[in-house]
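Chemist: Structure supplied as my_file-v1.pdb; contents: PDB, C-alpha atoms.
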```pdb
ATOM      1  CA  MET V 165     -46.379 -21.605  50.354
ATOM      2  CA  ASP V 166     -44.140 -24.297  48.823
ATOM      3  CA  SER V 167     -40.551 -23.031  48.728
ATOM      4  CA  GLY V 168     -39.391 -25.710  46.284
ATOM      5  CA  LEU V 169     -37.160 -27.380  48.882
ATOM      6  CA  ASP V 170     -38.151 -30.448  50.794
ATOM      7  CA  ASN V 171     -36.210 -29.158  53.844
ATOM      8  CA  THR V 172     -33.866 -32.124  54.034
ATOM      9  CA  PRO V 173     -30.550 -31.280  55.728
ATOM     10  CA  PRO V 174     -28.446 -31.155  52.525
ATOM     11  CA  ASP V 175     -30.824 -28.616  50.961
ATOM     12  CA  ILE V 176     -30.800 -26.493  54.091
ATOM     13  CA  ILE V 177     -27.020 -26.632  54.458
ATOM     14  CA  PHE V 178     -26.473 -25.731  50.805
ATOM     15  CA  ARG V 179     -28.823 -22.769  51.100
ATOM     16  CA  VAL V 180     -27.259 -21.481  54.337
ATOM     17  CA  MET V 181     -23.624 -21.976  53.285
ATOM     18  CA  GLU V 182     -24.107 -20.025  50.079
ATOM     19  CA  ASN V 183     -21.669 -17.076  49.892
ATOM     20  CA  THR V 184     -19.976 -17.877  53.213
ATOM     21  CA  ARG V 185     -16.533 -18.827  54.391
ATOM     22  CA  GLY V 186     -17.632 -22.474  54.281
ATOM     23  CA  ARG V 187     -18.510 -22.266  50.582
ATOM     24  CA  LYS V 188     -15.125 -20.689  49.789
ATOM     25  CA  ALA V 189     -13.313 -23.347  51.831
ATOM     26  CA  LYS V 190     -15.166 -26.097  49.947
ATOM     27  CA  ALA V 191     -14.179 -24.557  46.614
ATOM     28  CA  ARG V 192     -10.528 -24.431  47.712
ATOM     29  CA  LEU V 193     -10.675 -28.064  48.864
ATOM     30  CA  ASP V 194     -12.106 -29.087  45.489
ATOM     31  CA  GLU V 195      -9.209 -27.296  43.810
ATOM     32  CA  ILE V 196      -6.650 -29.057  46.037
ATOM     33  CA  LYS V 197      -8.344 -32.403  45.357
ATOM     34  CA  SER V 198      -8.061 -31.786  41.627
ATOM     35  CA  LEU V 199      -4.358 -30.946  41.945
ATOM     36  CA  TYR V 200      -3.752 -34.089  43.983
ATOM     37  CA  LYS V 201      -5.722 -36.389  41.679
ATOM     38  CA  THR V 202      -3.863 -35.093  38.609
ATOM     39  CA  GLY V 203      -0.480 -35.552  40.300
ATOM     40  CA  ARG V 204       0.476 -31.878  40.445
ATOM     41  CA  VAL V 205       1.004 -32.046  44.222
ATOM     42  CA  SER V 206       2.042 -34.912  46.469
ATOM     43  CA  TYR V 207      -0.070 -36.379  49.270
ATOM     44  CA  ASP V 208       1.881 -34.481  51.929
ATOM     45  CA  GLU V 209       1.640 -31.196  50.017
ATOM     46  CA  ALA V 210      -2.096 -31.653  49.505
ATOM     47  CA  LYS V 211      -2.596 -32.465  53.175
ATOM     48  CA  GLU V 212      -0.698 -29.328  54.182
ATOM     49  CA  LEU V 213      -2.623 -27.134  51.723
ATOM     50  CA  ALA V 214      -5.956 -28.562  52.880
ATOM     51  CA  SER V 215      -5.467 -28.112  56.628
ATOM     52  CA  GLY V 216      -6.726 -24.505  56.748
ATOM     53  CA  PRO V 217      -9.761 -24.912  54.471
ATOM     54  CA  LEU V 218     -10.751 -28.158  56.233
ATOM     55  CA  GLU V 219     -10.671 -26.405  59.587
ATOM     56  CA  THR V 220     -12.807 -23.558  58.237
ATOM     57  CA  LEU V 221     -15.267 -25.953  56.582
ATOM     58  CA  ASN V 222     -15.688 -27.981  59.768
ATOM     59  CA  GLU V 223     -16.224 -24.828  61.863
ATOM     60  CA  GLU V 224     -18.911 -23.527  59.511
ATOM     61  CA  MET V 225     -20.626 -26.899  59.228
ATOM     62  CA  ALA V 226     -20.653 -27.265  63.036
ATOM     63  CA  LYS V 227     -22.359 -23.868  63.362
ATOM     64  CA  ILE V 228     -25.011 -24.830  60.828
ATOM     65  CA  ALA V 229     -25.566 -28.246  62.394
ATOM     66  CA  LYS V 230     -26.025 -26.644  65.808
ATOM     67  CA  GLU V 231     -28.486 -24.126  64.386
ATOM     68  CA  PHE V 232     -30.637 -26.948  62.997
ATOM     69  CA  GLY V 233     -30.264 -29.232  66.018
ATOM     70  CA  ARG V 234     -28.068 -31.773  64.286
ATOM     71  CA  LYS V 235     -24.730 -33.334  65.203
ATOM     72  CA  HIS V 236     -21.795 -32.483  62.961
ATOM     73  CA  ARG V 237     -19.412 -35.220  61.890
ATOM     74  CA  ALA V 238     -16.022 -33.766  61.022
ATOM     75  CA  VAL V 239     -14.769 -33.924  57.452
ATOM     76  CA  LEU V 240     -11.296 -35.474  57.436
ATOM     77  CA  PHE V 241      -8.631 -35.115  54.769
ATOM     78  CA  THR V 242      -8.596 -38.772  53.752
ATOM     79  CA  GLY V 243     -12.384 -38.918  53.487
ATOM     80  CA  PHE V 244     -12.592 -35.757  51.412
ATOM     81  CA  MET V 245      -9.899 -36.880  48.972
ATOM     82  CA  ARG V 246     -11.677 -40.139  48.095
TER      83      ARG V 246
END
```
How does the structure come out when it is put into structure tokens?

Modeler:
Amino acid sequence: MDSGLDNTPPDIIFRVMENTRGRKAKARLDEIKSLYKTGRVSYDEAKELASGPLETLNEEMAKIAKEFGRKHRAVLFTGFMR
């Protein structure tokens, strides 16, 4: 009967986002963050590259939050790059 998860929101979100557009957007954002942190792209270039994946990630996270009766707080570029 025990599924191994304690059903906290991060566990649920990770399980639901697996193999979805949101997971792919997160991977792309991680790649952009790496490029920015290593100096391969400027702040403005990174912000431009990240606009699409951030939009996708926020859309997918909002759907999941709604499904579980939670409120989604948008992920912003500056917050993600920290």

Chemist: Measure the distance from CA of Arg237 in chain V to CA of Asn222 in chain V in Å and round it to one decimal.

Modeler: 8.4 Å

Chemist: Hey, can you check how far CA of Glu195 in chain V sits from CA of Leu213 in chain V?

Modeler: 10.3 Å

Chemist: Hey, can you check how far CA of Thr202 in chain V sits from CA of Arg187 in chain V?

Modeler: 22.9 Å

Chemist: Which residue out of V:Leu221, V:Ala214, V:Ala226, V:Leu240 has the minimum interatomic distance to Ser198 in chain V when all atoms listed in the file are used?

Modeler: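 Distance minimum relative to Ser198 in chain V lands on V:Ala214.
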
Chemist: Within 12 Å of Val239 in chain V, counting only C-alpha atoms, which residues show up once you throw out same-chain ones fewer than 6 positions away? Write them as JSON, numbers by chain, please.

Modeler: {"V": [190, 193, 214, 215, 217, 218, 219, 220, 221, 222, 223, 224, 225, 226, 245, 246]}

Chemist: Restricting the calculation to all atoms listed in the file: of V:Thr242, V:Ala210, V:Arg234, V:Val205, which residue gets closest to Arg192 in chain V?

Modeler: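 That would be V:Ala210, the residue with the smallest distance to Arg192 in chain V.
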
Chemist: Rank nothing, just name the residue among V:Leu199, V:Ala189, V:Ala229, V:Phe241 nearest to Lys211 in chain V, using only C-alpha atoms.

Modeler: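 Counting only C-alpha atoms, the residue closest to Lys211 in chain V is V:Phe241.
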